$ cat entry08.cif   # mmCIF, C-alpha atoms
data_entry
#
loop_
_atom_site.label_atom_id
_atom_site.label_comp_id
_atom_site.auth_asym_id
_atom_site.auth_seq_id
_atom_site.Cartn_x
_atom_site.Cartn_y
_atom_site.Cartn_z
CA MET U 467 -8.15 -26.14 -24.67
CA LYS U 468 -9.98 -28.19 -27.26
CA SER U 469 -12.49 -25.42 -27.78
CA GLU U 470 -9.69 -22.85 -28.12
CA CYS U 471 -8.09 -25.03 -30.81
CA PHE U 472 -11.44 -25.29 -32.53
CA LYS U 473 -11.92 -21.52 -32.30
CA ARG U 474 -8.55 -20.99 -33.93
CA LYS U 475 -9.29 -23.65 -36.57
CA ILE U 476 -6.30 -25.73 -35.56
CA ASP U 477 -6.20 -29.32 -36.80
CA THR U 478 -6.57 -31.44 -33.67
CA SER U 479 -6.88 -34.82 -35.35
CA LYS U 480 -3.61 -36.04 -33.89
CA ALA U 481 -4.04 -34.55 -30.43
CA THR U 482 -4.98 -36.98 -27.71
CA THR U 483 -3.58 -35.66 -24.44
CA ALA U 484 -3.75 -32.28 -22.74
CA ASP U 485 -0.08 -31.77 -23.58
CA ASP U 486 -0.87 -32.29 -27.26
CA TYR U 487 -3.46 -29.52 -27.15
CA ILE U 488 -1.09 -27.22 -25.27
CA ASN U 489 1.63 -27.80 -27.84
CA LEU U 490 -0.79 -27.13 -30.69
CA LEU U 491 -1.79 -23.83 -29.10
CA LEU U 492 1.84 -22.89 -28.47
CA ASP U 493 2.74 -23.70 -32.07
CA ASP U 494 -0.17 -21.63 -33.28
CA ASP U 495 1.16 -18.66 -31.31
CA LYS U 496 4.49 -18.82 -33.09
CA PRO U 497 4.89 -16.31 -35.88
CA ASP U 498 4.91 -17.56 -39.47
CA TRP U 499 8.37 -16.40 -40.48
CA GLY U 500 7.94 -17.57 -44.03
CA ARG U 501 4.97 -15.26 -44.42
CA ILE U 502 6.77 -12.44 -42.61
CA TYR U 503 9.86 -12.71 -44.81
CA CYS U 504 7.66 -12.90 -47.87
CA ARG U 505 5.74 -9.76 -47.02
CA VAL U 506 8.86 -7.80 -46.03
CA LEU U 507 10.59 -8.78 -49.27
CA TYR U 508 7.46 -7.91 -51.22
CA HIS U 509 6.97 -4.48 -49.68
CA THR U 510 10.59 -3.34 -49.42
CA GLY U 511 13.74 -3.41 -51.46
CA MET U 512 15.50 -5.20 -48.63
CA SER U 513 17.73 -8.14 -49.47
CA TYR U 514 16.97 -11.50 -47.89
CA GLU U 515 20.12 -11.36 -45.79
CA GLU U 516 19.32 -7.88 -44.54
CA ILE U 517 16.14 -9.03 -42.80
CA GLU U 518 17.99 -10.92 -40.09
CA ARG U 519 19.85 -7.74 -39.21
CA ARG U 520 16.60 -5.95 -38.46
CA THR U 521 14.94 -6.00 -35.06
CA ILE U 522 11.44 -7.24 -34.31
CA PRO U 523 10.08 -3.73 -33.66
CA GLN U 524 11.50 -2.65 -37.03
CA ILE U 525 9.90 -5.56 -38.87
CA MET U 526 6.60 -4.91 -37.09
CA ALA U 527 6.70 -1.23 -38.01
CA ILE U 528 7.43 -2.04 -41.65
CA LEU U 529 4.65 -4.60 -41.88
CA GLU U 530 2.17 -2.38 -40.10
CA GLY U 531 3.03 0.54 -42.37
CA ALA U 532 2.44 -1.72 -45.34
CA GLY U 533 -0.96 -2.67 -44.01
CA GLU U 534 0.04 -6.22 -43.13
CA ASN U 535 -1.54 -7.46 -39.95
CA ILE U 536 0.91 -10.20 -38.99
CA PRO U 537 1.46 -10.70 -35.26
CA ILE U 538 5.02 -11.35 -34.18
CA ASN U 539 5.24 -12.84 -30.75
CA MET U 540 8.52 -14.49 -29.96
CA GLY U 541 7.71 -14.96 -26.32
CA LEU U 542 10.05 -12.24 -25.12
CA PRO U 543 8.49 -10.89 -21.94
CA SER U 544 7.72 -7.25 -21.56
CA PHE U 545 8.65 -5.62 -18.31
CA SER U 546 7.28 -2.20 -19.16
CA THR U 547 5.14 -0.92 -16.35
CA PRO U 548 3.79 2.50 -15.50
CA LYS U 549 6.35 4.57 -13.66
CA GLU U 550 6.86 3.03 -10.30
CA GLU U 551 8.81 4.37 -7.46
CA GLU U 552 11.48 1.79 -6.83
CA ALA U 553 12.72 1.61 -3.32
CA PRO U 554 16.34 2.71 -3.19
CA GLN U 555 18.51 -0.35 -3.02
CA ASP U 556 21.70 0.00 -1.15
CA ASN U 557 23.70 -2.95 -0.06
CA GLU U 558 22.92 -4.93 -3.22
CA THR U 559 25.35 -7.73 -3.83
CA ARG U 560 28.01 -6.61 -6.24
CA LEU U 561 28.77 -8.78 -9.25
CA ALA U 562 32.37 -9.11 -8.10
CA GLN U 563 31.20 -10.62 -4.81
CA VAL U 564 28.85 -13.01 -6.57
CA ASP U 565 31.56 -14.01 -9.00
CA GLN U 566 33.99 -14.71 -6.17
CA TYR U 567 31.40 -16.67 -4.24
CA LEU U 568 30.41 -18.84 -7.18
CA ARG U 569 34.00 -19.55 -8.13
CA ALA U 570 34.42 -21.23 -4.76
CA PHE U 571 31.81 -23.79 -5.84
CA ASN U 572 33.00 -24.22 -9.38
CA GLY U 573 36.62 -24.78 -8.33
CA MET P 702 -4.27 -4.15 -49.47
CA ALA P 703 -3.35 -0.99 -47.58
CA ASN P 704 -5.06 -0.66 -44.29
CA ASP P 705 -6.93 2.60 -44.19
CA GLU P 706 -7.52 2.53 -40.46
CA LYS P 707 -5.48 5.08 -38.61
CA THR P 708 -3.13 3.40 -36.17
CA THR P 709 -2.65 5.12 -32.90
CA LYS P 710 0.68 3.53 -32.09
CA LYS P 711 3.61 5.46 -33.53
CA THR P 712 7.04 4.02 -34.03
CA SER P 713 9.92 6.12 -32.81
CA LEU P 714 12.90 7.05 -34.98
CA SER P 715 15.22 5.30 -32.55
CA THR P 716 13.28 2.07 -33.13
CA MET P 717 13.69 2.34 -36.91
CA LEU P 718 17.35 3.23 -36.56
CA GLY P 719 17.89 0.42 -34.11
CA ASN P 720 19.61 2.84 -31.76
CA GLY P 721 18.19 1.31 -28.65
CA ASP P 722 17.46 2.99 -25.36
CA PHE P 723 19.36 4.20 -22.33
CA ILE P 724 19.50 2.98 -18.79
CA GLU P 725 21.32 4.38 -15.81
CA ILE P 726 23.46 2.03 -13.77
CA GLN P 727 25.62 3.11 -10.87
CA GLY P 728 25.34 6.73 -11.98
CA LYS P 729 26.43 6.05 -15.57
CA GLN P 730 24.43 5.93 -18.78
CA TYR P 731 24.46 2.76 -20.84
CA LYS P 732 22.93 2.26 -24.24
CA ILE P 733 21.01 -0.99 -24.72
CA LYS P 734 20.36 -2.01 -28.32
CA PRO P 735 17.49 -4.31 -29.33
CA LEU P 736 18.13 -7.93 -30.27
CA LYS P 737 18.61 -8.59 -33.96
CA LEU P 738 16.29 -11.20 -35.47
CA LYS P 739 19.19 -13.60 -35.95
CA ASP P 740 19.88 -13.58 -32.19
CA VAL P 741 16.32 -13.87 -30.89
CA ASP P 742 16.06 -17.66 -31.20
CA ASN P 743 19.44 -18.06 -29.58
CA PHE P 744 18.52 -15.75 -26.70
CA ILE P 745 15.31 -17.62 -25.99
CA GLY P 746 16.94 -21.01 -26.51
CA LYS P 747 19.66 -20.36 -23.98
CA ASN P 748 17.08 -19.85 -21.24
CA VAL P 749 18.56 -16.66 -19.89
CA SER P 750 17.15 -16.14 -16.42
CA LEU P 751 14.89 -13.13 -16.34
CA GLY P 752 14.49 -13.25 -12.60
CA SER P 753 17.34 -13.96 -10.29
CA GLN P 754 20.60 -13.17 -12.05
CA ILE P 755 22.55 -15.58 -9.88
CA PHE P 756 21.55 -18.30 -12.33
CA ASN P 757 23.09 -16.35 -15.20
CA LEU P 758 26.42 -16.39 -13.39
CA ALA P 759 26.27 -19.82 -11.82
CA ASP P 760 28.69 -21.57 -14.15
CA GLU P 761 31.16 -20.79 -16.89
CA LYS P 762 28.70 -21.52 -19.67
CA SER P 763 26.05 -19.18 -18.25
CA LYS P 764 28.65 -16.49 -17.69
CA LYS P 765 29.86 -16.89 -21.26
CA ASP P 766 26.28 -16.52 -22.53
CA MET P 767 25.69 -13.43 -20.36
CA ASN P 768 28.97 -12.02 -21.60
CA GLU P 769 27.79 -12.51 -25.17
CA TRP P 770 24.55 -10.58 -24.62
CA LEU P 771 26.29 -7.81 -22.72
CA SER P 772 29.04 -7.29 -25.27
CA LYS P 773 26.67 -7.38 -28.23
CA TYR P 774 23.90 -5.22 -26.82
CA CYS P 775 25.23 -3.02 -24.02
CA TYR P 776 27.42 0.02 -24.67
CA ASP P 777 28.91 2.49 -22.25
CA GLU P 778 29.13 6.28 -22.48
CA ASN P 779 32.12 5.97 -24.82
CA ASP P 780 30.12 3.68 -27.09
CA SER P 781 32.36 0.77 -26.14
CA PRO P 782 30.74 -2.62 -25.65
CA VAL P 783 30.38 -3.70 -22.05
CA ASN P 784 31.30 -7.21 -21.06
CA LEU P 785 31.04 -9.02 -17.73
CA GLU P 786 34.52 -7.97 -16.74
CA THR P 787 33.77 -4.33 -17.46
CA ALA P 788 30.49 -4.58 -15.57
CA ILE P 789 32.32 -5.92 -12.54
CA GLU P 790 34.93 -3.17 -12.81
CA GLN P 791 32.21 -0.57 -13.05
CA ASP P 792 30.71 -1.90 -9.85
CA TRP P 793 27.47 -3.30 -11.21
CA ASP P 794 25.35 -5.22 -8.77
CA ILE P 795 22.92 -8.10 -9.30
CA VAL P 796 19.95 -5.80 -9.73
CA ASP P 797 21.81 -3.85 -12.43
CA LEU P 798 22.24 -7.04 -14.42
CA LYS P 799 18.53 -7.67 -14.12
CA THR P 800 17.85 -4.10 -15.27
CA PHE P 801 19.93 -4.76 -18.38
CA ILE P 802 18.10 -8.00 -19.19
CA LYS P 803 14.70 -6.42 -18.61
CA LYS P 804 15.52 -3.47 -20.85
CA LEU P 805 16.83 -5.78 -23.56
CA CYS P 806 13.58 -7.73 -23.53
CA ASP P 807 11.44 -4.60 -23.43
CA ILE P 808 12.98 -2.95 -26.46
CA SER P 809 13.36 -6.12 -28.49
CA GLY P 810 9.67 -6.54 -29.13
#
$ encode --input "entry08.cif" --output "structure tokens"
Amino acid sequence: MKSECFKRKIDTSKATTADDYINLLLDDDKPDWGRIYCRVLYHTGMSYEEIERRTIPQIMAILEGAGENIPINMGLPSFSTPKEEEAPQDNETRLAQVDQYLRAFNG
Amino acid sequence: MANDEKTTKKTSLSTMLGNGDFIEIQGKQYKIKPLKLKDVDNFIGKNVSLGSQIFNLADEKSKKDMNEWLSKYCYDENDSPVNLETAIEQDWDIVDLKTFIKKLCDISG
């Protein structure tokens, strides 16, 4: 982890435990929204308030089209897989049944 | 500053329009729209279960959160927002709820 921080040129002067290094790496993975907003505002005529109404894929497409290589990784998992044959699922528990069941516990 | 390298990944019109994508649940088509930036932090912060959906229905707070995501980002064939009550009426099962959450994550970047 220390070497990964060093590779990414992260300041590790205050890191002492493994958790500290993990947190530094996690923080480094977070997108720099200040920079993203700045570049979107610079390249488009969009108002500041309009940006929050855009989606991440839209912002990524705009930045990429403008030649800005800014990664945006919010930690949303991707479930996209090559087409798989899903086994037909009959007898799946209906939401109504689950709701009724859980209400019994919640009173 | 422009990058002259040709990118191979193309962005669809539906992405730029924010139209979302479709899924089929219980024989009906539903439109799932991508999360807006302003909701992303909230979605992640509320620790929505991406696996077993039982946890997203376990208590009133979780149900309220699930209701919020459904009604904001899931629309039926009449373009009406779907909420938990509607989903129950339309005979969704647990796997269908998971399908919705997975799709939402997939198209939201």
$ resolve_selection --input "entry08.cif" --expression "the PyMOL selection byres ((chain U and resi 494) around 12)" --output "NGL selection string"
:U and (470-478 or 487-493 or 495-498 or 537-540)
$ residues_near_point --input "entry08.cif" --point "(27.0, -15.3, -9.0)" --cutoff "6 Å" --atoms "only C-alpha atoms" --output "ChimeraX atom specification"
/U:564-565,568 /P:755,758-759
$ resolve_selection --input "entry08.cif" --expression "the PyMOL selection byres ((chain U) within 6 of (chain P))" --output "number ranges by chain"
U: 518-524, 533, 542, 544-545, 559-562
$ atom_distance --input "entry08.cif" --atom1 "CA of Ile536 (chain U)" --atom2 "CA of Arg501 (chain U)"
8.5 Å
$ closest_residue --input "entry08.cif" --among "P:Lys747, P:Tyr731, P:Leu714, P:Phe801" --to "Lys765 (chain P)" --atoms "only C-alpha atoms"
P:Lys747
$ atom_distance --input "entry08.cif" --atom1 "CA of Leu529 (chain U)" --atom2 "CA of Ile733 (chain P)"
24.0 Å
$ closest_residue --input "entry08.cif" --among "U:Ile502, U:Ala484, U:Met512, U:Met467" --to "Asn535 (chain U)" --atoms "all atoms listed in the file"
U:Ile502
$ atom_distance --input "entry08.cif" --atom1 "CA of His509 (chain U)" --atom2 "CA of Ile528 (chain U)"
8.4 Å
$ resolve_selection --input "entry08.cif" --expression "the PyMOL selection byres ((chain P and resi 784) around 10)" --output "PyMOL selection string"
chain P and resi 765+767-776+781-783+785-790
$ build_atoms --input "entry08.cif" --residues "region 733-752 of chain P" --atoms "N, CA and C atoms" --output "PDB file, in the coordinates of the input"
ATOM      1  N   ILE P 733      21.384   0.400 -24.485  1.00  0.00           N
ATOM      2  CA  ILE P 733      21.010  -0.990 -24.720  1.00  0.00           C
ATOM      3  C   ILE P 733      20.364  -1.061 -26.109  1.00  0.00           C
ATOM      4  N   LYS P 734      20.916  -1.880 -26.965  1.00  0.00           N
ATOM      5  CA  LYS P 734      20.360  -2.010 -28.320  1.00  0.00           C
ATOM      6  C   LYS P 734      19.425  -3.212 -28.366  1.00  0.00           C
ATOM      7  N   PRO P 735      18.429  -3.181 -29.253  1.00  0.00           N
ATOM      8  CA  PRO P 735      17.490  -4.310 -29.330  1.00  0.00           C
ATOM      9  C   PRO P 735      18.123  -5.516 -30.028  1.00  0.00           C
ATOM     10  N   LEU P 736      17.647  -6.687 -29.666  1.00  0.00           N
ATOM     11  CA  LEU P 736      18.130  -7.930 -30.270  1.00  0.00           C
ATOM     12  C   LEU P 736      17.858  -7.933 -31.773  1.00  0.00           C
ATOM     13  N   LYS P 737      18.843  -8.396 -32.534  1.00  0.00           N
ATOM     14  CA  LYS P 737      18.610  -8.590 -33.960  1.00  0.00           C
ATOM     15  C   LYS P 737      17.840  -9.898 -34.122  1.00  0.00           C
ATOM     16  N   LEU P 738      17.077  -9.995 -35.215  1.00  0.00           N
ATOM     17  CA  LEU P 738      16.290 -11.200 -35.470  1.00  0.00           C
ATOM     18  C   LEU P 738      17.139 -12.463 -35.366  1.00  0.00           C
ATOM     19  N   LYS P 739      18.351 -12.401 -35.910  1.00  0.00           N
ATOM     20  CA  LYS P 739      19.190 -13.600 -35.950  1.00  0.00           C
ATOM     21  C   LYS P 739      19.595 -14.060 -34.554  1.00  0.00           C
ATOM     22  N   ASP P 740      19.488 -13.194 -33.545  1.00  0.00           N
ATOM     23  CA  ASP P 740      19.880 -13.580 -32.190  1.00  0.00           C
ATOM     24  C   ASP P 740      18.699 -13.947 -31.295  1.00  0.00           C
ATOM     25  N   VAL P 741      17.489 -13.674 -31.757  1.00  0.00           N
ATOM     26  CA  VAL P 741      16.320 -13.870 -30.890  1.00  0.00           C
ATOM     27  C   VAL P 741      16.149 -15.339 -30.498  1.00  0.00           C
ATOM     28  N   ASP P 742      16.215 -16.225 -31.486  1.00  0.00           N
ATOM     29  CA  ASP P 742      16.060 -17.660 -31.200  1.00  0.00           C
ATOM     30  C   ASP P 742      17.112 -18.138 -30.210  1.00  0.00           C
ATOM     31  N   ASN P 743      18.315 -17.696 -30.428  1.00  0.00           N
ATOM     32  CA  ASN P 743      19.440 -18.060 -29.580  1.00  0.00           C
ATOM     33  C   ASN P 743      19.227 -17.577 -28.146  1.00  0.00           C
ATOM     34  N   PHE P 744      18.755 -16.344 -28.018  1.00  0.00           N
ATOM     35  CA  PHE P 744      18.520 -15.750 -26.700  1.00  0.00           C
ATOM     36  C   PHE P 744      17.471 -16.548 -25.931  1.00  0.00           C
ATOM     37  N   ILE P 745      16.387 -16.869 -26.625  1.00  0.00           N
ATOM     38  CA  ILE P 745      15.310 -17.620 -25.990  1.00  0.00           C
ATOM     39  C   ILE P 745      15.777 -19.052 -25.701  1.00  0.00           C
ATOM     40  N   GLY P 746      16.495 -19.622 -26.644  1.00  0.00           N
ATOM     41  CA  GLY P 746      16.940 -21.010 -26.510  1.00  0.00           C
ATOM     42  C   GLY P 746      17.922 -21.225 -25.372  1.00  0.00           C
ATOM     43  N   LYS P 747      18.668 -20.193 -25.037  1.00  0.00           N
ATOM     44  CA  LYS P 747      19.660 -20.360 -23.980  1.00  0.00           C
ATOM     45  C   LYS P 747      19.079 -20.147 -22.597  1.00  0.00           C
ATOM     46  N   ASN P 748      17.761 -19.949 -22.535  1.00  0.00           N
ATOM     47  CA  ASN P 748      17.080 -19.850 -21.240  1.00  0.00           C
ATOM     48  C   ASN P 748      17.751 -18.882 -20.273  1.00  0.00           C
ATOM     49  N   VAL P 749      17.979 -17.682 -20.755  1.00  0.00           N
ATOM     50  CA  VAL P 749      18.560 -16.660 -19.890  1.00  0.00           C
ATOM     51  C   VAL P 749      17.560 -16.377 -18.765  1.00  0.00           C
ATOM     52  N   SER P 750      18.046 -16.393 -17.549  1.00  0.00           N
ATOM     53  CA  SER P 750      17.150 -16.140 -16.420  1.00  0.00           C
ATOM     54  C   SER P 750      16.724 -14.686 -16.419  1.00  0.00           C
ATOM     55  N   LEU P 751      15.407 -14.494 -16.356  1.00  0.00           N
ATOM     56  CA  LEU P 751      14.890 -13.130 -16.340  1.00  0.00           C
ATOM     57  C   LEU P 751      14.621 -12.667 -14.915  1.00  0.00           C
ATOM     58  N   GLY P 752      14.725 -13.591 -14.004  1.00  0.00           N
ATOM     59  CA  GLY P 752      14.490 -13.250 -12.600  1.00  0.00           C
ATOM     60  C   GLY P 752      15.809 -13.088 -11.884  1.00  0.00           C
TER      61      GLY P 752
END
